[in-house]
$ cat data_38.pdb   # PDB, C-alpha atoms
ATOM      1  CA  MET A   1     -75.148 -14.570-194.349  1.00  0.00           C
ATOM      2  CA  ALA A   2     -78.502 -14.774-192.619  1.00  0.00           C
ATOM      3  CA  CYS A   3     -79.814 -14.011-189.164  1.00  0.00           C
ATOM      4  CA  PRO A   4     -82.510 -15.781-187.135  1.00  0.00           C
ATOM      5  CA  GLU A   5     -85.078 -13.091-188.052  1.00  0.00           C
ATOM      6  CA  ASP A   6     -84.707 -14.124-191.709  1.00  0.00           C
ATOM      7  CA  PHE A   7     -86.485 -17.351-190.724  1.00  0.00           C
ATOM      8  CA  GLY A   8     -89.290 -15.815-188.643  1.00  0.00           C
ATOM      9  CA  ASP A   9     -91.940 -16.857-191.160  1.00  0.00           C
ATOM     10  CA  VAL A  10     -90.599 -20.431-191.056  1.00  0.00           C
ATOM     11  CA  PHE A  11     -90.975 -20.590-187.280  1.00  0.00           C
ATOM     12  CA  GLU A  12     -94.433 -19.048-187.568  1.00  0.00           C
ATOM     13  CA  ALA A  13     -95.481 -21.658-190.153  1.00  0.00           C
ATOM     14  CA  LEU A  14     -94.182 -24.489-187.952  1.00  0.00           C
ATOM     15  CA  GLN A  15     -95.917 -23.014-184.915  1.00  0.00           C
ATOM     16  CA  ASN A  16     -99.224 -22.514-186.749  1.00  0.00           C
ATOM     17  CA  ALA A  17     -99.125 -26.122-187.990  1.00  0.00           C
ATOM     18  CA  GLY A  18     -98.485 -27.421-184.476  1.00  0.00           C
ATOM     19  CA  ALA A  19     -95.332 -29.079-185.793  1.00  0.00           C
ATOM     20  CA  PRO A  20     -93.013 -30.712-183.287  1.00  0.00           C
ATOM     21  CA  TYR A  21     -89.460 -29.491-183.941  1.00  0.00           C
ATOM     22  CA  VAL A  22     -86.440 -28.092-182.111  1.00  0.00           C
ATOM     23  CA  VAL A  23     -83.956 -25.572-183.526  1.00  0.00           C
ATOM     24  CA  VAL A  24     -80.305 -26.572-183.132  1.00  0.00           C
ATOM     25  CA  GLY A  25     -77.064 -25.424-184.757  1.00  0.00           C
ATOM     26  CA  GLY A  26     -75.972 -21.878-185.447  1.00  0.00           C
ATOM     27  CA  VAL A  27     -79.385 -20.236-185.172  1.00  0.00           C
ATOM     28  CA  ALA A  28     -79.913 -21.836-181.764  1.00  0.00           C
ATOM     29  CA  ALA A  29     -76.474 -20.627-180.684  1.00  0.00           C
ATOM     30  CA  VAL A  30     -77.290 -17.064-181.781  1.00  0.00           C
ATOM     31  CA  LEU A  31     -80.655 -17.170-180.014  1.00  0.00           C
ATOM     32  CA  HIS A  32     -78.826 -18.212-176.837  1.00  0.00           C
ATOM     33  CA  GLY A  33     -76.616 -15.136-177.127  1.00  0.00           C
ATOM     34  CA  LEU A  34     -73.655 -16.145-179.275  1.00  0.00           C
ATOM     35  CA  ASP A  35     -72.543 -13.577-181.834  1.00  0.00           C
ATOM     36  CA  ARG A  36     -71.782 -15.522-185.020  1.00  0.00           C
ATOM     37  CA  PRO A  37     -72.933 -15.660-188.637  1.00  0.00           C
ATOM     38  CA  VAL A  38     -75.506 -18.230-189.751  1.00  0.00           C
ATOM     39  CA  ALA A  39     -76.246 -19.501-193.228  1.00  0.00           C
ATOM     40  CA  ASP A  40     -79.262 -21.703-192.588  1.00  0.00           C
ATOM     41  CA  VAL A  41     -81.542 -23.015-189.882  1.00  0.00           C
ATOM     42  CA  ASP A  42     -81.241 -26.571-188.575  1.00  0.00           C
ATOM     43  CA  ILE A  43     -84.295 -28.228-187.085  1.00  0.00           C
ATOM     44  CA  VAL A  44     -84.631 -31.636-185.471  1.00  0.00           C
ATOM     45  CA  VAL A  45     -87.911 -33.481-185.957  1.00  0.00           C
ATOM     46  CA  PRO A  46     -89.294 -36.550-184.158  1.00  0.00           C
ATOM     47  CA  SER A  47     -88.398 -40.016-185.404  1.00  0.00           C
ATOM     48  CA  ASP A  48     -92.137 -40.763-185.663  1.00  0.00           C
ATOM     49  CA  THR A  49     -92.816 -40.243-189.387  1.00  0.00           C
ATOM     50  CA  SER A  50     -96.365 -38.962-188.924  1.00  0.00           C
ATOM     51  CA  LEU A  51     -95.156 -36.278-186.483  1.00  0.00           C
ATOM     52  CA  ALA A  52     -92.149 -35.361-188.640  1.00  0.00           C
ATOM     53  CA  ASN A  53     -94.456 -35.009-191.640  1.00  0.00           C
ATOM     54  CA  ILE A  54     -96.347 -32.191-189.889  1.00  0.00           C
ATOM     55  CA  ALA A  55     -93.154 -30.123-189.946  1.00  0.00           C
ATOM     56  CA  MET A  56     -92.348 -31.177-193.506  1.00  0.00           C
ATOM     57  CA  GLN A  57     -95.822 -30.209-194.714  1.00  0.00           C
ATOM     58  CA  ALA A  58     -95.532 -26.786-193.026  1.00  0.00           C
ATOM     59  CA  LEU A  59     -92.185 -26.224-194.754  1.00  0.00           C
ATOM     60  CA  PHE A  60     -93.548 -27.342-198.139  1.00  0.00           C
ATOM     61  CA  MET A  61     -96.533 -25.003-197.735  1.00  0.00           C
ATOM     62  CA  ASN A  62     -94.070 -22.196-196.961  1.00  0.00           C
ATOM     63  CA  GLY A  63     -92.316 -22.740-200.303  1.00  0.00           C
ATOM     64  CA  PHE A  64     -89.423 -25.006-199.300  1.00  0.00           C
ATOM     65  CA  VAL A  65     -88.471 -27.936-201.526  1.00  0.00           C
ATOM     66  CA  PRO A  66     -85.908 -30.689-200.881  1.00  0.00           C
ATOM     67  CA  THR A  67     -82.662 -30.884-202.835  1.00  0.00           C
ATOM     68  CA  VAL A  68     -83.151 -34.626-203.287  1.00  0.00           C
ATOM     69  CA  PRO A  69     -86.489 -36.378-203.777  1.00  0.00           C
ATOM     70  CA  LEU A  70     -86.142 -38.803-200.881  1.00  0.00           C
ATOM     71  CA  PRO A  71     -88.468 -39.453-197.971  1.00  0.00           C
ATOM     72  CA  LEU A  72     -87.249 -38.171-194.617  1.00  0.00           C
ATOM     73  CA  GLU A  73     -87.004 -41.674-193.147  1.00  0.00           C
ATOM     74  CA  LEU A  74     -84.251 -42.567-195.664  1.00  0.00           C
ATOM     75  CA  VAL A  75     -81.902 -39.691-194.861  1.00  0.00           C
ATOM     76  CA  THR A  76     -80.058 -38.267-191.885  1.00  0.00           C
ATOM     77  CA  ILE A  77     -80.502 -34.639-192.978  1.00  0.00           C
ATOM     78  CA  LEU A  78     -82.827 -33.346-195.670  1.00  0.00           C
ATOM     79  CA  ARG A  79     -81.775 -29.973-197.074  1.00  0.00           C
ATOM     80  CA  LEU A  80     -84.568 -27.722-198.315  1.00  0.00           C
ATOM     81  CA  PHE A  81     -84.445 -24.378-200.136  1.00  0.00           C
ATOM     82  CA  ASP A  82     -87.049 -21.782-201.013  1.00  0.00           C
ATOM     83  CA  SER A  83     -87.142 -19.539-204.090  1.00  0.00           C
ATOM     84  CA  SER A  84     -85.102 -16.839-202.331  1.00  0.00           C
ATOM     85  CA  GLY A  85     -82.307 -19.314-201.532  1.00  0.00           C
ATOM     86  CA  ARG A  86     -82.987 -19.678-197.803  1.00  0.00           C
ATOM     87  CA  GLU A  87     -81.972 -23.068-196.468  1.00  0.00           C
ATOM     88  CA  VAL A  88     -83.620 -25.254-193.844  1.00  0.00           C
ATOM     89  CA  ASP A  89     -81.905 -28.492-192.863  1.00  0.00           C
ATOM     90  CA  VAL A  90     -84.322 -31.016-191.378  1.00  0.00           C
ATOM     91  CA  ILE A  91     -82.418 -33.458-189.192  1.00  0.00           C
ATOM     92  CA  ALA A  92     -84.107 -36.837-188.937  1.00  0.00           C
ATOM     93  CA  ARG A  93     -81.263 -38.641-187.141  1.00  0.00           C
ATOM     94  CA  PRO A  94     -79.706 -36.123-184.754  1.00  0.00           C
ATOM     95  CA  LEU A  95     -76.750 -36.657-182.428  1.00  0.00           C
ATOM     96  CA  VAL A  96     -79.047 -35.756-179.514  1.00  0.00           C
ATOM     97  CA  PRO A  97     -82.440 -37.443-180.104  1.00  0.00           C
ATOM     98  CA  PHE A  98     -85.626 -35.401-180.386  1.00  0.00           C
ATOM     99  CA  ASP A  99     -87.034 -37.254-177.373  1.00  0.00           C
ATOM    100  CA  GLU A 100     -84.251 -35.690-175.263  1.00  0.00           C
ATOM    101  CA  LEU A 101     -84.265 -32.277-176.937  1.00  0.00           C
ATOM    102  CA  GLY A 102     -88.006 -31.687-176.923  1.00  0.00           C
ATOM    103  CA  PRO A 103     -88.825 -31.741-173.198  1.00  0.00           C
ATOM    104  CA  ASP A 104     -86.044 -29.278-172.290  1.00  0.00           C
ATOM    105  CA  SER A 105     -86.427 -26.988-175.312  1.00  0.00           C
ATOM    106  CA  ILE A 106     -87.542 -23.403-174.819  1.00  0.00           C
ATOM    107  CA  ASP A 107     -89.552 -20.881-176.818  1.00  0.00           C
ATOM    108  CA  LEU A 108     -87.498 -17.851-177.823  1.00  0.00           C
ATOM    109  CA  PRO A 109     -88.783 -14.833-179.778  1.00  0.00           C
ATOM    110  CA  VAL A 110     -87.669 -14.406-183.375  1.00  0.00           C
ATOM    111  CA  GLY A 111     -89.271 -11.322-184.857  1.00  0.00           C
ATOM    112  CA  GLN A 112     -93.033 -11.760-184.472  1.00  0.00           C
ATOM    113  CA  ALA A 113     -92.760 -15.543-184.029  1.00  0.00           C
ATOM    114  CA  LEU A 114     -91.561 -17.956-181.387  1.00  0.00           C
ATOM    115  CA  ALA A 115     -88.945 -20.578-182.172  1.00  0.00           C
ATOM    116  CA  ARG A 116     -88.686 -23.833-180.230  1.00  0.00           C
ATOM    117  CA  VAL A 117     -84.954 -23.953-179.395  1.00  0.00           C
ATOM    118  CA  ALA A 118     -82.725 -26.599-177.826  1.00  0.00           C
ATOM    119  CA  SER A 119     -81.720 -25.871-174.243  1.00  0.00           C
ATOM    120  CA  LEU A 120     -78.242 -24.458-173.824  1.00  0.00           C
ATOM    121  CA  SER A 121     -76.986 -27.697-172.259  1.00  0.00           C
ATOM    122  CA  HIS A 122     -78.394 -29.842-175.096  1.00  0.00           C
ATOM    123  CA  LEU A 123     -77.016 -27.447-177.707  1.00  0.00           C
ATOM    124  CA  ILE A 124     -73.557 -27.709-176.126  1.00  0.00           C
ATOM    125  CA  ARG A 125     -73.808 -31.509-175.960  1.00  0.00           C
ATOM    126  CA  GLY A 126     -74.801 -31.779-179.629  1.00  0.00           C
ATOM    127  CA  LYS A 127     -71.954 -29.546-180.734  1.00  0.00           C
ATOM    128  CA  GLU A 128     -69.486 -31.529-178.604  1.00  0.00           C
ATOM    129  CA  LEU A 129     -70.699 -34.766-180.189  1.00  0.00           C
ATOM    130  CA  SER A 130     -70.280 -33.384-183.710  1.00  0.00           C
ATOM    131  CA  GLY A 131     -66.614 -32.678-183.012  1.00  0.00           C
ATOM    132  CA  ARG A 132     -66.273 -30.248-185.931  1.00  0.00           C
ATOM    133  CA  PRO A 133     -63.739 -27.496-185.187  1.00  0.00           C
ATOM    134  CA  GLU A 134     -66.322 -24.713-185.635  1.00  0.00           C
ATOM    135  CA  ASP A 135     -68.723 -26.528-183.304  1.00  0.00           C
ATOM    136  CA  LEU A 136     -66.027 -26.984-180.675  1.00  0.00           C
ATOM    137  CA  GLU A 137     -65.313 -23.244-180.858  1.00  0.00           C
ATOM    138  CA  ASP A 138     -69.058 -22.625-180.362  1.00  0.00           C
ATOM    139  CA  VAL A 139     -68.953 -24.982-177.353  1.00  0.00           C
ATOM    140  CA  ARG A 140     -66.197 -22.954-175.731  1.00  0.00           C
ATOM    141  CA  ARG A 141     -68.139 -19.723-176.215  1.00  0.00           C
ATOM    142  CA  LEU A 142     -71.514 -21.239-175.260  1.00  0.00           C
ATOM    143  CA  MET A 143     -70.027 -22.617-172.031  1.00  0.00           C
ATOM    144  CA  ALA A 144     -68.929 -19.092-171.131  1.00  0.00           C
ATOM    145  CA  ILE A 145     -72.529 -17.924-171.656  1.00  0.00           C
ATOM    146  CA  GLN A 146     -73.776 -20.845-169.566  1.00  0.00           C
ATOM    147  CA  GLN A 147     -71.366 -19.990-166.727  1.00  0.00           C
ATOM    148  CA  SER A 148     -72.412 -16.333-166.807  1.00  0.00           C
ATOM    149  CA  GLN A 149     -76.053 -17.426-166.353  1.00  0.00           C
ATOM    150  CA  ALA A 150     -75.296 -19.745-163.406  1.00  0.00           C
ATOM    151  CA  PRO A 151     -76.600 -18.540-160.024  1.00  0.00           C
TER     152      PRO A 151
END

$ encode --input "data_38.pdb" --output "structure tokens"
Amino acid sequence: MACPEDFGDVFEALQNAGAPYVVVGGVAAVLHGLDRPVADVDIVVPSDTSLANIAMQALFMNGFVPTVPLPLELVTILRLFDSSGREVDVIARPLVPFDELGPDSIDLPVGQALARVASLSHLIRGKELSGRPEDLEDVRRLMAIQQSQAP
């Protein structure tokens, strides 16, 4: 299992490239305070191909290669791995669109880097929409975090 810090260099590469992206999934949940294992990092990129390609180029330059040789615009999720076996899933067609995620996303520290992370409310909404049992369990726990943060 991995932890968000295992992907610090990925966030740094995306940040240095000026890539538009938002972290969702398990890593986002952990960065919001949930204690759970993570295996990979999920990032949502804009639907605009030229903007999404900035993130893809940063990942390629950081040693990540796709599992299938398809352009991002033809897939929903493109899974990439590096030589150490770390996985980044680039989500081109997310349940919550990038245009909604981006404006409310927040920068959270991960090691020496900052990661652009979905807001807690958007993270909960995306996990509710997925409907997977593990996501619904995350929703229950994330809502408790959200309630504890309410004024």

$ residues_around --input "data_38.pdb" --residues "Arg125 (chain A)" --least-positions-apart "4" --cutoff "10 Å" --atoms "all atoms listed in the file" --output "ChimeraX atom specification"
/A:95-96,119-121,129-130,139

$ axis_aligned_box --input "data_38.pdb" --around "region 58-68 of chain A" --padding-each-side "6 Å" --output "lines of an AutoDock Vina configuration file"
center_x = -89.6
center_y = -28.4
center_z = -198.2
size_x = 25.9
size_y = 24.4
size_z = 22.3

$ closest_residue --input "data_38.pdb" --among "A:Phe64, A:Ile145, A:Val41, A:Val24" --to "Pro97 (chain A)" --atoms "only C-alpha atoms"
A:Val24

$ atom_distance --input "data_38.pdb" --atom1 "CA of Leu72 (chain A)" --atom2 "CA of Ala92 (chain A)"
6.6 Å

$ residues_around --input "data_38.pdb" --residues "Phe7 (chain A)" --least-positions-apart "4" --cutoff "9 Å" --atoms "only C-alpha atoms" --output "list in words"
Ala2, Cys3, Phe11, Glu12, Asp40, Val41, Arg86, Val88, Val110 and Gly111 of chain A

$ resolve_selection --input "data_38.pdb" --expression "the PyMOL selection byres ((chain A and resi 99) around 12)" --output "PyMOL selection string"
chain A and resi 20-22+44-48+92-98+100-105+118+122

$ resolve_selection --input "data_38.pdb" --expression "the PyMOL selection byres ((chain A and resi 79) around 8)" --output "ChimeraX atom specification"
/A:66-68,77-78,80-81,87-90

$ closest_residue --input "data_38.pdb" --among "A:Asn16, A:Gly85, A:Val23, A:Ala39" --to "Ile106 (chain A)" --atoms "only C-alpha atoms"
A:Val23

$ atom_distance --input "data_38.pdb" --atom1 "CA of Thr76 (chain A)" --atom2 "CA of Val38 (chain A)"
20.7 Å

$ atom_distance --input "data_38.pdb" --atom1 "CA of Leu14 (chain A)" --atom2 "CA of Ala55 (chain A)"
6.1 Å

$ resolve_selection --input "data_38.pdb" --expression "the PyMOL selection byres ((chain A and resi 37) around 12)" --output "ChimeraX atom specification"
/A:1-4,25-31,34-36,38-41,134,138

$ closest_residue --input "data_38.pdb" --among "A:Asp9, A:Gln57, A:Leu70, A:Pro133" --to "Pro109 (chain A)" --atoms "all atoms listed in the file"
A:Asp9

$ closest_residue --input "data_38.pdb" --among "A:Met56, A:Met143, A:Val10, A:Ala115" --to "Ile91 (chain A)" --atoms "all atoms listed in the file"
A:Met56
